[in-house]
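A.B. asks: Can you read through this structure? Questions will come right after.
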Amino acid sequence: MKEVSFVIQLKKDLLDTICDDWGEKSLQLIRKHDKNLEKGDFSFPNLNNAKVWDKLNVKTDDLDKICQSCSKIEKIAISGDSSVVFLKRKSAFEDYFLNSNNSIKTTNSSPTIVNFDSSKPNSSILTSTRANSFHQALGNLDLAPSTVYGISSTDVKSLVDSFQVDPGLLKIGIRVGAVLGKNDKKDEETDFTTYKEKVYEAVKQLDEERCDENEDIKDAEMRLETLTAASIQFSFLGSNISNPVKMSTSNPNSNFVLYNSARIKKLVRTFDQHVKNGDYSPLPPRADIKFEVLTEIEEWELLFNFLLPYGDILTECARSLSFHKLVNFLVSLASTYSRYYNRVKTLKDPLPHLVPIIHARVCLIKEVNDIFDAGLGILNLKPLSRM
């Protein structure tokens, strides 16, 4: 049985408390906030709005009673035409880290995925390469069973229709948009080797600004290859797969994601070294970590906007058969973590009264690191341990 997400479950709990006759469409009445979370986490139209609520058979408009009935809610405040929900943040952290099954899950499905471009390639080599990248990533999602997925950048409908499958299997065709070159026309001139070399040179030029002069040549080469692969994959999969995409030799978003992922890994290594040196005590079991000390707004954003909804993002990728929302998710996660890294010090002085917050923050960023690694893995990309 599929696990209901945190966001959906909270919406359902609220609607169960407020009214009797609600359906799936009613979930849209309760809006999750992504920004300005200090002003609230969810909101819904005021309950005296007859146009919205009359058809749903409202049971109570008492906001205090609603709060008491929903254990995750701290308070509900009126703001103009909306009722704004503030969650119990300490409880949300504890529920995520202590009570929920938040292990990164791998796909349980084994769908049949056919890349027709492998036998009937596009006149654009880069477009067929995009189709192949999508084909390889699609198998990482938890797709519908008893379904055959056909991928093509040419005549997807006729290819899928003529493909023979066992009785009872559903066939779904996925059209891959073209890679555009000069004058926004389909690129039919560039081969993949040439394109990759151009991306590599662009990545290398950017990397020279932050690389270590004393780095081993082999390590530097591996890092550049990883950055190049990520730049290409983010360019190919960063927009809806059915839409055309402009050929680009530079994708700063991929560098930004990998750089911030590597930042976390460096911090965790530094923490582990301090533990080894006796400066810090080891990270205790999660049950002994004081998550109530995580009061910075970015810490809440990392949990509320990224750790909790990660599974929803993968579900949406499987529903839409596209990876652009996962790419955007990783970029947004990197942006939020970068802001947190620059404003909040994770590894404070090893004073007794600071140890609880060090442990809580290290636990949080390790979880963020796992999300980075899992998301990149879905895209068949490797993270960097160092930049």
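Identifiers in the structure tokens: chain A, B, ... in order shown; residue index from 1 per chain; ligand index from 1 in order shown.
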Within 9 Å of region 71-87 of chain A, counting only C-alpha atoms, which residues show up once you throw out same-chain ones fewer than 6 positions away? Write them as an MDAnalysis selection string, please.

C.D. replies: chainID A and resid 10 37:47 49 63:64

A.B. asks: Give me every helix (DSSP H, G or I) residue in region 38-280 of chain A, going by DSSP on the backbone, as a count of residues only.

C.D. replies: 116

A.B. asks: List every residue of region 154-209 of chain A that has an atom at most 9 Å from any atom of region 231-246 of chain A, and for each one report the closest atom pair and its distance in Å to one decimal, counting only C-alpha atoms, with rows sorted by chain and then by increasing residue number, as a tab-separated table.

C.D. replies:
```
residue	atom	partner	partner_atom	distance
A:Ile174	CA	A:Ser242	CA	7.4
A:Arg175	CA	A:Ser242	CA	5.4
A:Val176	CA	A:Ser242	CA	4.7
A:Gly177	CA	A:Pro244	CA	4.2
A:Ala178	CA	A:Pro244	CA	4.6
A:Val179	CA	A:Val245	CA	5.0
A:Leu180	CA	A:Lys246	CA	4.7
A:Gly181	CA	A:Lys246	CA	6.4
A:Lys182	CA	A:Lys246	CA	8.9
A:Asp184	CA	A:Lys246	CA	7.1
A:Lys186	CA	A:Pro244	CA	8.6
A:Lys196	CA	A:Ile232	CA	7.7
A:Val199	CA	A:Ser231	CA	7.4
A:Tyr200	CA	A:Ser231	CA	9.0
A:Val203	CA	A:Ser231	CA	8.2
```

A.B. asks: Would you kindly return, as a compact mmCIF listing (two decimals) with all heavy atoms, in the first residue's frame, each protein, DNA or RNA residue with an atom no farther than 12 Å from any atom of Pro383 (chain A), considering only C-alpha atoms and excluding same-chain residues fewer than 4 positions away?

C.D. replies:
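Result file out-v9.txt:
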```
# COMPACT_ATOMS: atom_id res chain seq x y z
N MET A 222 38.63 13.11 -12.87
CA MET A 222 37.38 12.45 -12.48
C MET A 222 36.32 13.49 -12.11
O MET A 222 35.14 13.32 -12.43
CB MET A 222 37.64 11.50 -11.31
CG MET A 222 38.43 10.25 -11.68
SD MET A 222 38.76 9.19 -10.25
CE MET A 222 37.10 8.75 -9.76
N ARG A 223 36.75 14.54 -11.41
CA ARG A 223 35.80 15.58 -11.02
C ARG A 223 35.24 16.28 -12.26
O ARG A 223 34.03 16.51 -12.37
CB ARG A 223 36.47 16.59 -10.10
CG ARG A 223 35.47 17.61 -9.53
CD ARG A 223 36.10 18.67 -8.66
NE ARG A 223 36.93 19.57 -9.46
CZ ARG A 223 38.24 19.52 -9.51
NH1 ARG A 223 38.90 18.61 -8.80
NH2 ARG A 223 38.93 20.36 -10.25
N LEU A 224 36.10 16.61 -13.21
CA LEU A 224 35.66 17.28 -14.43
C LEU A 224 34.72 16.40 -15.24
O LEU A 224 33.74 16.89 -15.83
CB LEU A 224 36.87 17.69 -15.27
CG LEU A 224 37.73 18.82 -14.67
CD1 LEU A 224 38.99 19.02 -15.51
CD2 LEU A 224 36.95 20.12 -14.59
N GLU A 225 34.98 15.10 -15.28
CA GLU A 225 34.09 14.18 -16.00
C GLU A 225 32.72 14.13 -15.32
O GLU A 225 31.68 14.10 -16.00
CB GLU A 225 34.71 12.78 -16.04
CG GLU A 225 35.86 12.64 -17.01
CD GLU A 225 35.43 12.73 -18.47
OE1 GLU A 225 34.23 12.52 -18.76
OE2 GLU A 225 36.28 13.02 -19.32
N THR A 226 32.70 14.14 -14.00
CA THR A 226 31.44 14.13 -13.25
C THR A 226 30.66 15.41 -13.49
O THR A 226 29.44 15.38 -13.72
CB THR A 226 31.71 13.95 -11.75
OG1 THR A 226 32.38 12.71 -11.53
CG2 THR A 226 30.41 13.96 -10.95
N LEU A 227 31.35 16.55 -13.47
CA LEU A 227 30.70 17.84 -13.72
C LEU A 227 30.18 17.92 -15.15
O LEU A 227 29.11 18.48 -15.40
CB LEU A 227 31.69 18.98 -13.45
CG LEU A 227 32.05 19.21 -11.98
CD1 LEU A 227 33.25 20.16 -11.88
CD2 LEU A 227 30.87 19.80 -11.21
N ALA A 229 29.23 15.35 -17.11
CA ALA A 229 28.05 14.48 -17.21
C ALA A 229 26.82 15.15 -16.61
O ALA A 229 25.71 15.08 -17.16
CB ALA A 229 28.32 13.15 -16.52
N ALA A 230 27.01 15.82 -15.47
CA ALA A 230 25.88 16.49 -14.82
C ALA A 230 25.38 17.66 -15.64
O ALA A 230 24.16 17.88 -15.75
CB ALA A 230 26.30 16.97 -13.42
N SER A 254 23.86 22.69 -12.62
CA SER A 254 24.42 21.39 -12.24
C SER A 254 25.66 21.57 -11.37
O SER A 254 25.84 20.86 -10.38
CB SER A 254 24.76 20.57 -13.49
OG SER A 254 25.68 21.26 -14.31
N ASN A 255 26.52 22.52 -11.74
CA ASN A 255 27.69 22.82 -10.90
C ASN A 255 27.26 23.24 -9.50
O ASN A 255 27.86 22.83 -8.50
CB ASN A 255 28.52 23.94 -11.53
CG ASN A 255 29.51 23.41 -12.56
OD1 ASN A 255 29.30 22.36 -13.14
ND2 ASN A 255 30.57 24.15 -12.80
N PHE A 256 26.23 24.08 -9.45
CA PHE A 256 25.75 24.61 -8.17
C PHE A 256 25.25 23.48 -7.27
O PHE A 256 25.54 23.45 -6.06
CB PHE A 256 24.64 25.62 -8.45
CG PHE A 256 24.15 26.36 -7.24
CD1 PHE A 256 25.01 27.13 -6.47
CD2 PHE A 256 22.82 26.30 -6.87
CE1 PHE A 256 24.55 27.83 -5.36
CE2 PHE A 256 22.35 26.99 -5.77
CZ PHE A 256 23.22 27.76 -5.01
N VAL A 257 24.51 22.54 -7.84
CA VAL A 257 24.00 21.41 -7.07
C VAL A 257 25.15 20.54 -6.55
O VAL A 257 25.22 20.21 -5.36
CB VAL A 257 23.03 20.56 -7.91
CG1 VAL A 257 22.71 19.24 -7.23
CG2 VAL A 257 21.73 21.34 -8.17
N LEU A 258 26.07 20.18 -7.44
CA LEU A 258 27.17 19.32 -7.03
C LEU A 258 28.09 20.01 -6.04
O LEU A 258 28.62 19.38 -5.12
CB LEU A 258 27.96 18.87 -8.26
CG LEU A 258 27.24 17.88 -9.18
CD1 LEU A 258 28.07 17.59 -10.41
CD2 LEU A 258 26.95 16.58 -8.45
N TYR A 259 28.28 21.30 -6.20
CA TYR A 259 29.14 22.05 -5.29
C TYR A 259 28.57 22.06 -3.87
O TYR A 259 29.29 21.84 -2.89
CB TYR A 259 29.30 23.48 -5.80
CG TYR A 259 30.15 24.38 -4.93
CD1 TYR A 259 31.44 24.02 -4.57
CD2 TYR A 259 29.65 25.60 -4.48
CE1 TYR A 259 32.21 24.85 -3.76
CE2 TYR A 259 30.41 26.43 -3.68
CZ TYR A 259 31.69 26.06 -3.33
OH TYR A 259 32.44 26.88 -2.53
N ASN A 260 27.26 22.29 -3.76
CA ASN A 260 26.66 22.33 -2.43
C ASN A 260 26.55 20.94 -1.81
O ASN A 260 26.67 20.80 -0.59
CB ASN A 260 25.30 23.02 -2.48
CG ASN A 260 25.43 24.53 -2.50
OD1 ASN A 260 25.68 25.14 -1.47
ND2 ASN A 260 25.32 25.12 -3.68
N SER A 261 26.35 19.94 -2.64
CA SER A 261 26.40 18.56 -2.14
C SER A 261 27.78 18.25 -1.58
O SER A 261 27.92 17.64 -0.50
CB SER A 261 26.04 17.60 -3.27
OG SER A 261 26.32 16.27 -2.93
N ALA A 262 28.82 18.68 -2.29
CA ALA A 262 30.19 18.45 -1.81
C ALA A 262 30.50 19.23 -0.54
O ALA A 262 31.27 18.78 0.31
CB ALA A 262 31.18 18.82 -2.92
N ARG A 263 29.89 20.41 -0.41
CA ARG A 263 30.05 21.20 0.82
C ARG A 263 29.61 20.40 2.05
O ARG A 263 30.28 20.40 3.08
CB ARG A 263 29.20 22.47 0.73
CG ARG A 263 29.87 23.68 0.14
CD ARG A 263 28.86 24.82 0.09
NE ARG A 263 29.51 26.11 -0.09
CZ ARG A 263 28.86 27.26 -0.24
NH1 ARG A 263 27.54 27.26 -0.23
NH2 ARG A 263 29.52 28.38 -0.40
N ILE A 264 28.47 19.76 1.92
CA ILE A 264 27.95 18.98 3.04
C ILE A 264 28.91 17.84 3.37
O ILE A 264 29.22 17.58 4.54
CB ILE A 264 26.56 18.41 2.72
CG1 ILE A 264 25.56 19.55 2.53
CG2 ILE A 264 26.08 17.49 3.85
CD1 ILE A 264 24.16 19.08 2.19
N LYS A 265 29.36 17.15 2.35
CA LYS A 265 30.27 16.02 2.57
C LYS A 265 31.54 16.47 3.27
O LYS A 265 32.08 15.77 4.15
CB LYS A 265 30.59 15.34 1.24
CG LYS A 265 29.39 14.58 0.65
CD LYS A 265 29.70 14.06 -0.73
CE LYS A 265 28.58 13.14 -1.22
NZ LYS A 265 27.27 13.82 -1.30
N ASN A 369 22.14 15.58 2.61
CA ASN A 369 23.12 14.93 1.74
C ASN A 369 22.54 13.67 1.10
O ASN A 369 22.75 13.40 -0.09
CB ASN A 369 24.37 14.59 2.55
CG ASN A 369 25.40 13.82 1.75
OD1 ASN A 369 25.98 14.35 0.80
ND2 ASN A 369 25.63 12.57 2.12
N ASP A 370 21.80 12.89 1.88
CA ASP A 370 21.19 11.67 1.34
C ASP A 370 20.18 11.99 0.24
O ASP A 370 20.07 11.26 -0.75
CB ASP A 370 20.49 10.89 2.46
CG ASP A 370 21.49 10.21 3.41
OD1 ASP A 370 22.68 10.13 3.07
OD2 ASP A 370 21.06 9.77 4.50
N ILE A 371 19.44 13.09 0.41
CA ILE A 371 18.47 13.50 -0.61
C ILE A 371 19.20 13.94 -1.88
O ILE A 371 18.80 13.59 -3.00
CB ILE A 371 17.56 14.62 -0.08
CG1 ILE A 371 16.69 14.11 1.08
CG2 ILE A 371 16.68 15.18 -1.20
CD1 ILE A 371 15.69 13.05 0.70
N PHE A 372 20.28 14.71 -1.71
CA PHE A 372 21.09 15.09 -2.88
C PHE A 372 21.55 13.84 -3.63
O PHE A 372 21.39 13.73 -4.85
CB PHE A 372 22.32 15.89 -2.43
CG PHE A 372 22.14 17.37 -2.41
CD1 PHE A 372 22.47 18.11 -1.29
CD2 PHE A 372 21.65 18.05 -3.52
CE1 PHE A 372 22.33 19.49 -1.26
CE2 PHE A 372 21.50 19.43 -3.51
CZ PHE A 372 21.84 20.16 -2.37
N ASP A 373 22.14 12.91 -2.90
CA ASP A 373 22.69 11.70 -3.53
C ASP A 373 21.61 10.89 -4.21
O ASP A 373 21.79 10.37 -5.33
CB ASP A 373 23.42 10.84 -2.50
CG ASP A 373 24.74 11.46 -2.05
OD1 ASP A 373 25.12 12.52 -2.58
OD2 ASP A 373 25.40 10.86 -1.17
N ALA A 374 20.45 10.75 -3.54
CA ALA A 374 19.36 9.95 -4.11
C ALA A 374 18.81 10.61 -5.38
O ALA A 374 18.55 9.94 -6.38
CB ALA A 374 18.26 9.77 -3.08
N GLY A 375 18.60 11.93 -5.32
CA GLY A 375 18.07 12.64 -6.48
C GLY A 375 19.02 12.58 -7.66
O GLY A 375 18.59 12.36 -8.80
N LEU A 376 20.31 12.77 -7.40
CA LEU A 376 21.29 12.65 -8.48
C LEU A 376 21.33 11.23 -9.03
O LEU A 376 21.47 11.02 -10.23
CB LEU A 376 22.67 13.06 -7.97
CG LEU A 376 22.86 14.55 -7.66
CD1 LEU A 376 24.16 14.79 -6.90
CD2 LEU A 376 22.84 15.38 -8.94
N GLY A 377 21.17 10.26 -8.12
CA GLY A 377 21.17 8.86 -8.56
C GLY A 377 20.01 8.54 -9.49
O GLY A 377 20.17 7.77 -10.44
N ILE A 378 18.84 9.13 -9.23
CA ILE A 378 17.70 8.94 -10.12
C ILE A 378 18.04 9.41 -11.53
O ILE A 378 17.62 8.83 -12.53
CB ILE A 378 16.47 9.70 -9.59
CG1 ILE A 378 15.96 9.07 -8.28
CG2 ILE A 378 15.34 9.75 -10.62
CD1 ILE A 378 15.30 7.74 -8.43
N LEU A 379 18.84 10.47 -11.61
CA LEU A 379 19.26 11.02 -12.90
C LEU A 379 20.50 10.32 -13.46
O LEU A 379 21.07 10.76 -14.46
CB LEU A 379 19.53 12.52 -12.76
CG LEU A 379 18.36 13.39 -12.29
CD1 LEU A 379 18.81 14.82 -12.05
CD2 LEU A 379 17.22 13.34 -13.30
N MET A 387 35.19 19.43 -4.14
CA MET A 387 35.16 20.36 -5.26
C MET A 387 36.56 20.93 -5.47
O MET A 387 37.36 21.02 -4.54
CB MET A 387 34.18 21.50 -5.01
CG MET A 387 32.74 21.07 -5.12
SD MET A 387 32.26 20.55 -6.79
CE MET A 387 32.30 22.11 -7.67
```

A.B. asks: Smallest atom-to-atom distance to Val331 (chain A): which of A:Ser385, A:Leu15, A:Pro252, A:Leu351, using only C-alpha atoms?

C.D. replies: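 Once distances to Val331 (chain A) are computed over only C-alpha atoms, the minimum belongs to A:Pro252.
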
A.B. asks: Give me, as a PDB file with C-alpha atoms, in the first residue's frame, the residues of region 148-307 of chain A that a backbone DSSP run labels strand (DSSP E or B).

C.D. replies:
```
ATOM      1  CA  VAL A 148       5.034  -0.845 -21.660  1.00  0.00           C
ATOM      2  CA  TYR A 149       6.620   2.574 -22.153  1.00  0.00           C
ATOM      3  CA  GLY A 150       7.771   3.488 -25.653  1.00  0.00           C
ATOM      4  CA  ILE A 151      10.179   6.398 -26.138  1.00  0.00           C
ATOM      5  CA  SER A 152      10.821   8.103 -29.455  1.00  0.00           C
ATOM      6  CA  LEU A 170      -1.051  -1.019 -21.433  1.00  0.00           C
ATOM      7  CA  LYS A 171       1.128   0.858 -23.939  1.00  0.00           C
ATOM      8  CA  ILE A 172       2.216   4.462 -23.288  1.00  0.00           C
ATOM      9  CA  GLY A 173       4.179   6.521 -25.789  1.00  0.00           C
ATOM     10  CA  ILE A 174       6.549   9.293 -24.701  1.00  0.00           C
ATOM     11  CA  ARG A 175       7.726  11.818 -27.240  1.00  0.00           C
ATOM     12  CA  VAL A 179      17.701  19.467 -29.205  1.00  0.00           C
ATOM     13  CA  LEU A 180      17.858  22.843 -30.950  1.00  0.00           C
ATOM     14  CA  LYS A 186      16.894  21.097 -34.734  1.00  0.00           C
ATOM     15  CA  VAL A 245      15.599  22.124 -25.528  1.00  0.00           C
ATOM     16  CA  LYS A 246      18.263  24.606 -26.630  1.00  0.00           C
TER      17      LYS A 246
END
```

A.B. asks: A:Val368, A:Ile313, A:Val293, A:Leu384: which is nearest Leu354 (chain A), counting only C-alpha atoms?

C.D. replies: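 Looking at the shortest contact to Leu354 (chain A), the residue is A:Val293.
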
A.B. asks: Find the residue from A:Trp22, A:Tyr96, A:Phe6, A:Phe271 that sits nearest to Lys348 (chain A); use only C-alpha atoms when measuring.

C.D. replies: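 Counting only C-alpha atoms, the residue closest to Lys348 (chain A) is A:Phe271.
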
A.B. asks: Which value, in Å to one decimal, gives the distance between CA of Asp34 (chain A) and CA of Phe97 (chain A)?

C.D. replies: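 Going from CA of Asp34 (chain A) over to CA of Phe97 (chain A), I get 21.0 Å.
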
A.B. asks: Using only C-alpha atoms, pick whichever of A:Leu303, A:Met247, A:Ala137, A:Leu169 has the shortest atom-to-atom distance to His324 (chain A).

C.D. replies: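 Closest candidate: A:Ala137.
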
A.B. asks: Calculate how many Å separate CA of Tyr341 (chain A) from CA of Phe93 (chain A), rounding to one decimal.

C.D. replies: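 A separation of 19.3 Å between them.
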
A.B. asks: Could you tell me how far CA of Leu302 (chain A) lies from CA of Ser133 (chain A), in Å and to one decimal?

C.D. replies: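 Separating CA of Leu302 (chain A) from CA of Ser133 (chain A) is a distance of 29.0 Å.
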
A.B. asks: Would you kindly return, as a list of chain:residue names, each protein, DNA or RNA residue with an atom no farther than 10 Å from any atom of Glu189 (chain A), considering only C-alpha atoms and excluding same-chain residues fewer than 4 positions away?

C.D. replies: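 Within the cut-off, the hits are A:Ser123, A:Ser124, A:Ile125, A:Leu126, A:Gly181.
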
A.B. asks: Pick out the closest residue to Gln136 (chain A) from this set: A:Asn277, A:Phe323, A:Phe304, A:Glu367. Count only C-alpha atoms.

C.D. replies: A:Phe323

A.B. asks: For Gly168 (chain A), work out the shell of residues within 12 Å, counting only C-alpha atoms and skipping chain neighbours fewer than 6 positions away, then give it as a list in words.

C.D. replies: Pro145, Ser146, Thr147 and Val148 of chain A

A.B. asks: Would you mind exporting the chosen residues as a PDB file, in the first residue's frame, restricted to N, CA, C and O atoms?

C.D. replies:
```pdb
ATOM      1  N   PRO A 145       2.733  -0.739 -12.977  1.00  0.00           N
ATOM      2  CA  PRO A 145       2.949  -2.114 -13.440  1.00  0.00           C
ATOM      3  C   PRO A 145       2.105  -2.421 -14.679  1.00  0.00           C
ATOM      4  O   PRO A 145       1.196  -1.667 -15.041  1.00  0.00           O
ATOM      5  N   SER A 146       2.405  -3.520 -15.303  1.00  0.00           N
ATOM      6  CA  SER A 146       1.640  -3.996 -16.471  1.00  0.00           C
ATOM      7  C   SER A 146       1.548  -2.934 -17.563  1.00  0.00           C
ATOM      8  O   SER A 146       0.512  -2.769 -18.216  1.00  0.00           O
ATOM      9  N   THR A 147       2.646  -2.189 -17.727  1.00  0.00           N
ATOM     10  CA  THR A 147       2.675  -1.111 -18.709  1.00  0.00           C
ATOM     11  C   THR A 147       3.974  -1.178 -19.503  1.00  0.00           C
ATOM     12  O   THR A 147       5.036  -1.451 -18.950  1.00  0.00           O
ATOM     13  N   VAL A 148       3.862  -0.946 -20.792  1.00  0.00           N
ATOM     14  CA  VAL A 148       5.034  -0.845 -21.660  1.00  0.00           C
ATOM     15  C   VAL A 148       5.181   0.616 -22.074  1.00  0.00           C
ATOM     16  O   VAL A 148       4.229   1.224 -22.584  1.00  0.00           O
TER      17      VAL A 148
END
```

A.B. asks: So which one's closest to Thr270 (chain A), A:Thr17, A:Thr154, A:Thr346, A:Thr60? Using only C-alpha atoms, please.

C.D. replies: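 Among the listed residues, A:Thr346 lies closest to Thr270 (chain A).
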